[in-house]
Amino acid sequence: MEAASKLDVEAIRADFPILQRRIGDKPLAYLDSAATSQKPVQVVEAMRRFTDYSNANISRSVHTLGAEATEAYEGARAKVAAFIGAPSPDEVVFTKNSTESINLMAYAFQNAAFDAAADPRFKLGPGDEVVVTEMEHHANLIPWQQLCRRTGATLKWIGITDAGRLDVDTVDEVITERCKVVSFVHVANLLGTVNPTSQITRRAREVGALVGLDASQSVPHIPVDVTELGVDFIAFTGHKMLGPTGIGVLWAKADLLAAMPPFLTGGSMIKTVTMEHTTFADAPAKFEAGTPPIAEAVGLAAAVDYLDKLGMANVRAHEKEFAGYMLDRLETVDGLQIIGPRVPIGRSATVSFTIDGVHPHDVGQILDAEGIAVRVGHHCAKPTCARFGVNATTRASGYLYNTHEEIDRLVEALGQVRKVFG
Amino acid sequence: MEAASKLDVEAIRADFPILQRRIGDKPLAYLDSAATSQKPVQVVEAMRRFTDYSNANISRSVHTLGAEATEAYEGARAKVAAFIGAPSPDEVVFTKNSTESINLMAYAFQNAAFDAAADPRFKLGPGDEVVVTEMEHHANLIPWQQLCRRTGATLKWIGITDAGRLDVDTVDEVITERCKVVSFVHVANLLGTVNPTSQITRRAREVGALVGLDASQSVPHIPVDVTELGVDFIAFTGHKMLGPTGIGVLWAKADLLAAMPPFLTGGSMIKTVTMEHTTFADAPAKFEAGTPPIAEAVGLAAAVDYLDKLGMANVRAHEKEFAGYMLDRLETVDGLQIIGPRVPIGRSATVSFTIDGVHPHDVGQILDAEGIAVRVGHHCAKPTCARFGVNATTRASGYLYNTHEEIDRLVEALGQVRKVFG
Amino acid sequence: MNLDELYQEVILDHYKRPRGAGLREPYEGESHQVNPTCGDEITLRVHVEGDTIADVSYDNVGCSISKASASVMYELINGAKVDDALAKLAEFTELMNSKGQSEGDEESLEDAVAFAGVSKYPMRVKCALLGWKAFQDALVRAEASIPGRTDA
Amino acid sequence: MNLDELYQEVILDHYKRPRGAGLREPYEGESHQVNPTCGDEITLRVHVEGDTIADVSYDNVGCSISKASASVMYELINGAKVDDALAKLAEFTELMNSKGQSEGDEESLEDAVAFAGVSKYPMRVKCALLGWKAFQDALVRAEASIPGRTDA
Ligand SMILES: Cc1ncc(COP(=O)(O)O)c(C=O)c1O
Ligand SMILES: Cc1ncc(COP(=O)(O)O)c(C=O)c1O
């Protein structure tokens with residue numbers, strides 16, 4: 001059945017206690033990892049060991065616990081940097097989630113507006129353009145929308161084809177000489193599309209724009225190497241990659257971080273402070289005001305270890321095969337329409353669909369009665385919904401612990417949906 | 001020995017596995033809770049149960065795990081609201097730490113600058129004034145400093161007396177009719193001063209200014225009731241009150257939250273979104289963009305339960321007695337100068353000091369060799385250091401799990417410090 | 001979990017054959033409500049004559065629970081006295097917040113007691129209340145637009 | 001933990017009687033460095049004559065490790081050829097980053113090998129490097145201000 005997969009899914013499942021959960025009398029089939037992944041014992045244990053043995057605040061004290069905590073936190077940074085091929089750990093900023101990471105970038109432009117001496121790359125005003133796509137998660141749309149509103153710049157976007165792909169033919173037209181930054185989603189969370197990046201990054205370079213990726217759905221699922229990608233920044237989030245909630249990552253090129261004004265200000269991000277004036281530390285400290293998510297960084301490092309051990313290429317292969325199976329089987333369900341690419345090429349194991357005449361809320365409820373957890377709603381991608389003329393979809397998303405059997409159960413339960421509401 | 005205390009400290013200590021830790025061959029004496037507190041098993045277990053049984057993203061799905069996670073998260077909000085006497089859970093915003101909470105407030109003013117229709121209370125410009133104190137943690141200084149720089153408003157502050165108290169005689173002079181917001185520290189993290197609030201809040205009301213408290217060092221240690229305090233907002237942080245890292249709280253009056261523009265934008269904080277325009281949800285959702293610290297909220301709720309069970313009045317009584325003992329004993333150390341109030345009245349169990357001729361780094365190192373963890377440095381309060389003419393101090397801070405014996409060990413080890421460097 | 005408890009016959013019937021659906025004139029107050037977590041929407045109009053709800057008309061997109069709830073609400077409040085309609089609103093809201101602890105008063109809530117099971121599903125309570133929220137809001141607007149009623 | 005390893009006699013001696021302390025003229029480059037976690041500071045000046053460090057002078061506030069390290073550095077680089085001084089900088093930095101794995105070459109680093117123990121204390125490595133960082137920075141500034149040396 002899972003011939004193409006190099007993952008030992010049964011062994012993996014044993015690491016996730018929640019997968020033994022029953023919903024009523026049905027075993028849980030967790031098909032909502034695009035919203036948040038489950039966490040293996042290795043992550044929970046690493047955090048617990050840290051809390052019970054080394055917990056202390058970081059960078060602030062010479063005591064043993066403080067040194068151990070600082071090493072654990074900075075070690076996590078180095079691990080995350082290596083995981084995404086970052087040239088230096090100093091390019092990795094810990095935030096609370098992807099959303100903060102992207103806001104941090106957007107506020108760099110906004111705060112530059114107050115500073116005559118700001119780096120010209122971050123100067124934005126009327127006539128300047130910011131480019132996103134129509135398939136963004138709200139996290140990579142609204143911060144730029146607000147930024148444009150506030151600075152007078154213009155927000156533009158690359159559209160979506162009927163097949164659920166980026167309309168790359170329009171790239172040269174949408175990204176013009178007036179564009180200062182392009183930020184686009186690497187793997188779309190509603191459509192499941194894996195976007196090719198080279199055409200957009202090339203065009204961004206041509207016009208001298210900064211270019212970044214919302215990698216929230218790519219870093220957990222496919223090998224990501226920021227150097228190969230040739231982008232200026234990426235954002236991702238711990239809880240979707242087997243790690244804890246409360247931690248996210250912004251990676252950006254060193255010279256960019258150096259040029260960016262600070263965002264959140266407070267302790268641990270300063271050089272000197274008087275009542276009148278403050279000077280700031282170098283990145284990454286400059287962007288990590290206050291006590292960071294320390295135990296969460298320890299958990300994220302354990303998650304990275306877990307993924308590294310499996311091998312991201314193997315994870316990718318497993319999910320590709322899984323996506324293929326899911327697409328094939330879903331196509332057999334009466335009245336089911338897939339929203340997004342219908343072939344497992346350039347797509348993730350996240351599949352959105354509608355069922356004629358049945359609202360996704362009701363679909364989700366019936367599936368839940370069968371122990372199957374999927375997500376229903378607009379998936380924080382309302383413009384994508386609007387593009388496809390729907391208010392909401394049902395979305396099933398797989399990860400390294402999912403099995404064909406869970407898809408079979410999903411497909412069977414979908415058959416019942418139409419019976420209740422047909 | 002601990003006659004005045006209603007806490008069973010030995011029983012409490014048994015809940016904190018880290019307190020069994022040895023540093024080299026010495027038992028750990030953790031006297032750095034002002035930097036971050038240790039976490040009882042109850043908190044760690046609550047988080048683990050959540051992760052292993054109910055983990056899911058919130059507010060987004062109809063499946064059972066999603067409903068359980070949402071209830072756990074919103075239940076934590078209600079618990080925190082009750083703990084601080086907030087009239088409604090909707091006035092509690094979860095952030096990542098105190099620092100973000102305060103930045104959120106400061107950015108409300110900054111973002112209002114871009115919006116002609118913004119609430120006049122948040123409109124700030126040249127001639128307007130913002131007031132803090134000289135004893136702020138950087139977290140409650142730099143955000144306001146930056147805000148003033150960016151809007152042209154003037155930052156003013158209330159000074160510190162030689163005894164380490166706020167110079168309240170100057171309150172009426174510093175807070176003028178031009179003042180729009182006063183934000184001051186409730187319990188100072190370097191000096192240990194517990195600031196009386198009524199004089200400042202009364203004056204703020206008189207001139208029509210908003211008034212808020214940095215309650216990072218008060219909520220964990222003394223009973224705090226926002227209604228009684230009569231302030232407009234307070235900020236505090238999970239990791240200093242037995243809770244996890246990665247979560248903080250902003251409490252603000254409902255009408256204030258309603259009037260404030262959003263800060264971080266993205267998923268879960270919207271009403272409607274199109275590519276062109278977004279409308280925002282009501283508070284608290286409006287200020288919680290992205291996946292919040294879900295497991296951390298569960299941990300914080302368990303921490304609040306733990307504190308509630310002990311009773312904050314008992315915690316306060318224990319620490320008052322403890323502060324008295326610490327002050328008495330420290331005064332016996334040759335060449336030791338206390339920076340901050342020297343009597344256990346209107347002060348917390350956090351005591352900063354210098355030792356003639358020995359740098360705090362060296363003090364901290366020698367104490368660490370004895371298993372005693374204190375913090376050394378400027379404690380993110382450089383202006384306070386400057387006020388007392390020192391670059392750094394050594395700071396010992398107690399919490400509900402600390403004993404007289406640990407203070408005795410501290411005092412004995414301090415005797416050795418002067419031997420090495422004398 | 002017991003699906004039948006949630007999807008009672010009465011609910012499915014109102015869902016499939018919604019009563020009073022469609023937007024009609026005249027009206028004094030209109031409200032547009034969105035459930036931000038799922039994108040469901042309703043536009044609802046209230047026409048008040050004297051102290052009577054003379055018409056409630058609506059157009060909505062949503063799940064079975066939200067559509068059935070609007071339909072049931074129409075039956076309960078259309079033609080009712082304003083005060084009685086507000087009492088039903090309060091009663092239904094209380095039922096929805098009962099977390100499965102209340103069965104509802106069939107005498108007063110009629111078909112709406114079928115929603116008692118919904119109160120066990122926190123994620124669906126918002127669906128059941130969407131139409132009622134729109135009614136409440138539209139009524140406020142209607143009253144504001146009728147001279148002499150703002151002080152009511 | 002072994003305190004003696006950290007606070008070697010040599011270190012305490014340099015701490016109590018710092019060599020070359022005080023700010024002197026002439027100089028071509030000056031640097032002010034702060035350790036942001038503890039607020040320790042150093043102001044350091046470099047006077048270059050030809051390819052020789054003719055003087056290194058400094059004024060600092062700090063702990064025993066940072067003060068002793070500046071004093072030891074003074075002995076090592078004052079009067080040395082610029083290239084040799086930079087080689088010492090590299091060697092000392094490597095020793096500090098060795099996490100207790102290196103003992104240091106006494107031939108070349110002289111008293112500075114006493115800092116080998118410091119490398120086990122990550123929180124103190126910054127203290128030991130503060131003066132060296134100031135030297136490196138001051139030298140860059142000095143070279144920038146001397147015509148013909150910027151391309152070095
Ligand atoms: C008085 C005070 N304010 C603010 C903070 C900042 O808290 P956090 O680092 O959790 O943001 C602290 C603690 O570091 C503090 O003691
Ligand atoms: C593509 C994409 N971007 C951004 C986010 C936001 O991540 P977070 O909620 O952790 O900030 C998500 C997930 O919700 C996502 O799928």
# chains A, B, ... in the order shown; residues from 1 in each chain; ligands from 1
$ residues_near_ligand --ligand "ligand 2" --cutoff "7 Å" --atoms "only C-alpha atoms and all ligand atoms" --output "MDAnalysis selection string"
(chainID A and resid 34:35 97:100 136:137 139:140 185 187:189 214:217 236:237 239 248) or (chainID B and resid 267 290:291)
$ interface_residues --of "chain C" --to "chain B" --cutoff "8 Å" --atoms "only C-alpha atoms" --output "PyMOL selection string"
chain C and resi 34-39+121-124
$ write_last_selection --atoms "N, CA, C and O atoms" --output "PDB file, in the first residue's frame"
ATOM      1  N   VAL C  34     -21.726  38.345   9.691  1.00  0.00           N
ATOM      2  CA  VAL C  34     -20.823  37.327   9.158  1.00  0.00           C
ATOM      3  C   VAL C  34     -20.298  36.498  10.321  1.00  0.00           C
ATOM      4  O   VAL C  34     -19.983  37.028  11.378  1.00  0.00           O
ATOM      5  N   ASN C  35     -20.211  35.206  10.139  1.00  0.00           N
ATOM      6  CA  ASN C  35     -19.515  34.363  11.115  1.00  0.00           C
ATOM      7  C   ASN C  35     -18.056  34.317  10.665  1.00  0.00           C
ATOM      8  O   ASN C  35     -17.736  33.671   9.674  1.00  0.00           O
ATOM      9  N   PRO C  36     -17.174  35.023  11.377  1.00  0.00           N
ATOM     10  CA  PRO C  36     -15.823  35.191  10.834  1.00  0.00           C
ATOM     11  C   PRO C  36     -15.036  33.884  10.746  1.00  0.00           C
ATOM     12  O   PRO C  36     -14.128  33.773   9.947  1.00  0.00           O
ATOM     13  N   THR C  37     -15.416  32.875  11.516  1.00  0.00           N
ATOM     14  CA  THR C  37     -14.617  31.650  11.437  1.00  0.00           C
ATOM     15  C   THR C  37     -14.949  30.818  10.204  1.00  0.00           C
ATOM     16  O   THR C  37     -14.114  30.072   9.733  1.00  0.00           O
ATOM     17  N   CYS C  38     -16.163  30.955   9.671  1.00  0.00           N
ATOM     18  CA  CYS C  38     -16.479  30.112   8.516  1.00  0.00           C
ATOM     19  C   CYS C  38     -16.945  30.907   7.313  1.00  0.00           C
ATOM     20  O   CYS C  38     -17.114  30.363   6.231  1.00  0.00           O
ATOM     21  N   GLY C  39     -17.177  32.205   7.505  1.00  0.00           N
ATOM     22  CA  GLY C  39     -17.577  33.012   6.360  1.00  0.00           C
ATOM     23  C   GLY C  39     -19.068  32.989   6.073  1.00  0.00           C
ATOM     24  O   GLY C  39     -19.516  33.571   5.089  1.00  0.00           O
ATOM     25  N   TYR C 121     -22.378  21.742  21.277  1.00  0.00           N
ATOM     26  CA  TYR C 121     -21.304  21.879  20.297  1.00  0.00           C
ATOM     27  C   TYR C 121     -20.884  23.339  20.199  1.00  0.00           C
ATOM     28  O   TYR C 121     -21.448  24.096  19.410  1.00  0.00           O
ATOM     29  N   PRO C 122     -19.929  23.747  21.029  1.00  0.00           N
ATOM     30  CA  PRO C 122     -19.600  25.173  21.102  1.00  0.00           C
ATOM     31  C   PRO C 122     -19.311  25.790  19.730  1.00  0.00           C
ATOM     32  O   PRO C 122     -19.631  26.952  19.484  1.00  0.00           O
ATOM     33  N   MET C 123     -18.725  25.001  18.831  1.00  0.00           N
ATOM     34  CA  MET C 123     -18.368  25.567  17.540  1.00  0.00           C
ATOM     35  C   MET C 123     -19.609  25.839  16.686  1.00  0.00           C
ATOM     36  O   MET C 123     -19.544  26.549  15.699  1.00  0.00           O
ATOM     37  N   ARG C 124     -20.754  25.211  17.055  1.00  0.00           N
ATOM     38  CA  ARG C 124     -21.948  25.397  16.235  1.00  0.00           C
ATOM     39  C   ARG C 124     -22.915  26.408  16.842  1.00  0.00           C
ATOM     40  O   ARG C 124     -23.861  26.835  16.182  1.00  0.00           O
TER      41      ARG C 124
END
$ residues_around --residues "Asp111 (chain C)" --least-positions-apart "6" --cutoff "12 Å" --atoms "only C-alpha atoms" --output "VMD selection string"
chain C and resid 8 to 14 68 to 76 92 103 to 105
$ write_last_selection --atoms "N, CA and C atoms" --output "short mmCIF file (atom, residue, chain, number, x, y, z; two decimals), in the first residue's frame"
data_model
loop_
_atom_site.label_atom_id
_atom_site.label_comp_id
_atom_site.auth_asym_id
_atom_site.auth_seq_id
_atom_site.Cartn_x
_atom_site.Cartn_y
_atom_site.Cartn_z
N GLN C 8 -31.66 17.01 14.16
CA GLN C 8 -33.01 16.51 14.34
C GLN C 8 -33.81 16.72 13.04
N GLU C 9 -34.81 15.90 12.91
CA GLU C 9 -35.70 16.01 11.73
C GLU C 9 -36.16 17.44 11.51
N VAL C 10 -36.59 18.06 12.62
CA VAL C 10 -37.12 19.43 12.53
C VAL C 10 -36.08 20.37 11.90
N ILE C 11 -34.85 20.20 12.31
CA ILE C 11 -33.78 21.08 11.81
C ILE C 11 -33.57 20.82 10.32
N LEU C 12 -33.47 19.56 9.95
CA LEU C 12 -33.25 19.25 8.54
C LEU C 12 -34.42 19.75 7.69
N ASP C 13 -35.61 19.67 8.25
CA ASP C 13 -36.77 20.14 7.50
C ASP C 13 -36.72 21.65 7.27
N HIS C 14 -36.42 22.40 8.34
CA HIS C 14 -36.30 23.85 8.17
C HIS C 14 -35.16 24.21 7.23
N ALA C 68 -31.40 26.68 9.26
CA ALA C 68 -32.60 26.21 9.96
C ALA C 68 -32.96 27.15 11.10
N SER C 69 -31.93 27.66 11.77
CA SER C 69 -32.17 28.55 12.90
C SER C 69 -32.87 29.83 12.45
N ALA C 70 -32.46 30.36 11.31
CA ALA C 70 -33.11 31.57 10.79
C ALA C 70 -34.57 31.29 10.45
N SER C 71 -34.79 30.13 9.89
CA SER C 71 -36.15 29.76 9.50
C SER C 71 -37.05 29.59 10.73
N VAL C 72 -36.54 28.93 11.73
CA VAL C 72 -37.28 28.73 12.97
C VAL C 72 -37.56 30.08 13.63
N MET C 73 -36.56 30.94 13.59
CA MET C 73 -36.73 32.26 14.18
C MET C 73 -37.86 33.02 13.47
N TYR C 74 -37.87 32.92 12.15
CA TYR C 74 -38.93 33.59 11.39
C TYR C 74 -40.30 33.18 11.93
N GLU C 75 -40.50 31.89 12.11
CA GLU C 75 -41.79 31.42 12.58
C GLU C 75 -42.13 31.96 13.96
N LEU C 76 -41.10 32.10 14.78
CA LEU C 76 -41.33 32.52 16.16
C LEU C 76 -41.64 34.00 16.29
N PHE C 92 -33.87 31.99 23.61
CA PHE C 92 -33.12 31.14 22.69
C PHE C 92 -31.61 31.26 22.96
N GLU C 103 -33.30 21.77 28.17
CA GLU C 103 -34.03 21.19 27.05
C GLU C 103 -34.86 22.22 26.32
N GLY C 104 -35.03 23.40 26.94
CA GLY C 104 -35.82 24.45 26.32
C GLY C 104 -37.30 24.24 26.59
N ASP C 105 -38.03 25.33 26.58
CA ASP C 105 -39.46 25.29 26.88
C ASP C 105 -40.23 25.23 25.56
#
$ interface_residues --of "chain B" --to "chain A" --cutoff "6 Å" --atoms "only C-alpha atoms" --output "JSON, numbers by chain"
{"B": [17, 18, 36, 52, 53, 57, 61, 63, 99, 114, 138, 139, 142, 143, 150, 245, 246, 265, 266, 267, 274, 290, 293, 368, 373, 375, 376, 380, 383]}
$ residues_around --residues "Ser98 (chain C)" --least-positions-apart "4" --cutoff "8 Å" --atoms "only C-alpha atoms" --output "VMD selection string"
chain C and resid 94 102 119 to 120
$ select_by_dssp --residues "region 14-124 of chain D" --states "alpha helix (DSSP H)" --output "ChimeraX atom specification"
/D:14-16,64-77,82-96,106-109,122-124
$ write_last_selection --atoms "C-alpha atoms" --output "compact mmCIF listing (two decimals), in the first residue's frame"
# COMPACT_ATOMS: atom_id res chain seq x y z
CA HIS D 14 45.91 41.48 36.28
CA TYR D 15 42.51 42.46 37.65
CA LYS D 16 43.99 44.06 40.75
CA SER D 64 37.54 40.72 36.92
CA ILE D 65 37.50 38.73 33.69
CA SER D 66 36.95 41.68 31.40
CA LYS D 67 39.44 43.90 33.21
CA ALA D 68 42.12 41.23 33.45
CA SER D 69 41.62 40.34 29.82
CA ALA D 70 42.23 43.93 28.72
CA SER D 71 45.35 44.06 30.84
CA VAL D 72 46.70 40.79 29.43
CA MET D 73 45.89 41.98 25.95
CA TYR D 74 47.87 45.15 26.55
CA GLU D 75 50.92 43.11 27.39
CA LEU D 76 50.52 40.94 24.33
CA ILE D 77 49.96 43.53 21.65
CA VAL D 82 50.10 44.98 13.53
CA ASP D 83 50.03 41.59 11.84
CA ASP D 84 51.26 39.84 14.96
CA ALA D 85 48.66 41.61 17.08
CA LEU D 86 45.94 40.48 14.71
CA ALA D 87 47.28 36.94 14.90
CA LYS D 88 47.05 37.09 18.71
CA LEU D 89 43.50 38.39 18.42
CA ALA D 90 42.59 35.43 16.23
CA GLU D 91 44.33 32.97 18.53
CA PHE D 92 42.74 34.35 21.69
CA THR D 93 39.30 34.41 20.09
CA GLU D 94 39.73 30.79 19.05
CA LEU D 95 40.74 29.87 22.58
CA MET D 96 37.65 31.61 23.97
CA GLU D 106 51.58 29.51 26.28
CA GLU D 107 54.50 30.25 23.95
CA SER D 108 52.37 32.63 21.98
CA LEU D 109 49.55 33.73 24.31
CA PRO D 122 29.69 30.86 27.87
CA MET D 123 28.29 33.79 29.84
CA ARG D 124 31.81 35.00 30.63
$ residues_around --residues "Arg342 (chain A)" --least-positions-apart "2" --cutoff "12 Å" --atoms "only C-alpha atoms" --output "number ranges by chain"
A: 162-165, 191-193, 323-331, 337-340, 344-353
$ atom_distance --atom1 "CA of Pro261 (chain B)" --atom2 "CA of Val130 (chain B)"
18.8 Å
$ residues_around --residues "Thr201 (chain B)" --least-positions-apart "6" --cutoff "9 Å" --atoms "only C-alpha atoms" --output "list of chain:residue names"
B:Val182, B:Ala209, B:Leu210, B:Val211, B:Gly212, B:Leu229, B:Gly230, B:Val231
$ select_by_dssp --residues "chain C" --states "strand (DSSP E)" --output "list in words"
Gly29, Glu30, Ser31, His32, Gln33, Val34, Asn35, Asp40, Glu41, Ile42, Thr43, Leu44, Arg45, Val46, His47, Val48, Glu49, Thr52, Ile53, Ala54, Asp55, Val56, Ser57, Tyr58, Asp59, Asn60 and Val61 of chain C
$ write_last_selection --atoms "N, CA and C atoms" --output "short mmCIF file (atom, residue, chain, number, x, y, z; two decimals), in the first residue's frame"
data_model
loop_
_atom_site.label_atom_id
_atom_site.label_comp_id
_atom_site.auth_asym_id
_atom_site.auth_seq_id
_atom_site.Cartn_x
_atom_site.Cartn_y
_atom_site.Cartn_z
N GLY C 29 -35.17 48.48 9.32
CA GLY C 29 -33.81 48.16 9.77
C GLY C 29 -33.26 46.97 9.01
N GLU C 30 -31.98 47.06 8.63
CA GLU C 30 -31.35 45.93 7.94
C GLU C 30 -30.01 45.65 8.61
N SER C 31 -29.64 44.39 8.72
CA SER C 31 -28.34 44.05 9.32
C SER C 31 -27.67 42.97 8.49
N HIS C 32 -26.36 43.10 8.38
CA HIS C 32 -25.56 42.09 7.69
C HIS C 32 -24.59 41.49 8.69
N GLN C 33 -24.68 40.19 8.91
CA GLN C 33 -23.80 39.55 9.89
C GLN C 33 -22.97 38.45 9.22
N VAL C 34 -21.73 38.35 9.69
CA VAL C 34 -20.82 37.33 9.16
C VAL C 34 -20.30 36.50 10.32
N ASN C 35 -20.21 35.21 10.14
CA ASN C 35 -19.51 34.36 11.11
C ASN C 35 -18.06 34.32 10.66
N ASP C 40 -19.86 32.32 6.91
CA ASP C 40 -21.30 32.31 6.69
C ASP C 40 -21.87 33.71 6.86
N GLU C 41 -22.93 34.00 6.08
CA GLU C 41 -23.47 35.36 6.08
C GLU C 41 -24.98 35.37 6.09
N ILE C 42 -25.50 36.44 6.67
CA ILE C 42 -26.94 36.65 6.56
C ILE C 42 -27.20 38.14 6.42
N THR C 43 -28.16 38.48 5.56
CA THR C 43 -28.69 39.83 5.51
C THR C 43 -30.13 39.72 5.95
N LEU C 44 -30.51 40.53 6.92
CA LEU C 44 -31.85 40.39 7.48
C LEU C 44 -32.52 41.76 7.63
N ARG C 45 -33.80 41.82 7.28
CA ARG C 45 -34.56 43.07 7.38
C ARG C 45 -35.72 42.93 8.36
N VAL C 46 -35.97 44.00 9.07
CA VAL C 46 -37.09 44.02 10.00
C VAL C 46 -38.05 45.15 9.61
N HIS C 47 -39.31 44.81 9.54
CA HIS C 47 -40.35 45.81 9.30
C HIS C 47 -41.23 45.86 10.54
N VAL C 48 -41.25 47.05 11.17
CA VAL C 48 -42.02 47.20 12.40
C VAL C 48 -43.26 48.05 12.12
N GLU C 49 -44.39 47.60 12.64
CA GLU C 49 -45.61 48.41 12.56
C GLU C 49 -46.13 48.57 13.97
N THR C 52 -45.46 45.90 16.69
CA THR C 52 -45.47 44.55 16.12
C THR C 52 -44.38 44.38 15.06
N ILE C 53 -43.76 43.20 15.05
CA ILE C 53 -42.83 42.85 13.98
C ILE C 53 -43.70 42.44 12.80
N ALA C 54 -43.85 43.33 11.84
CA ALA C 54 -44.76 43.05 10.74
C ALA C 54 -44.14 42.14 9.70
N ASP C 55 -42.81 42.17 9.59
CA ASP C 55 -42.13 41.22 8.68
C ASP C 55 -40.66 41.09 9.08
N VAL C 56 -40.17 39.88 8.92
CA VAL C 56 -38.73 39.61 9.02
C VAL C 56 -38.38 38.90 7.73
N SER C 57 -37.47 39.48 6.96
CA SER C 57 -37.09 38.83 5.72
C SER C 57 -35.58 38.71 5.67
N TYR C 58 -35.10 37.68 5.00
CA TYR C 58 -33.65 37.45 5.07
C TYR C 58 -33.13 36.67 3.89
N ASP C 59 -31.84 36.82 3.67
CA ASP C 59 -31.13 36.08 2.63
C ASP C 59 -29.85 35.57 3.28
N ASN C 60 -29.57 34.28 3.19
CA ASN C 60 -28.39 33.79 3.90
C ASN C 60 -27.67 32.66 3.17
N VAL C 61 -26.37 32.55 3.47
CA VAL C 61 -25.57 31.41 3.03
C VAL C 61 -25.03 30.78 4.30
#
$ atom_distance --atom1 "CA of Glu10 (chain B)" --atom2 "CA of Arg409 (chain B)"
17.3 Å
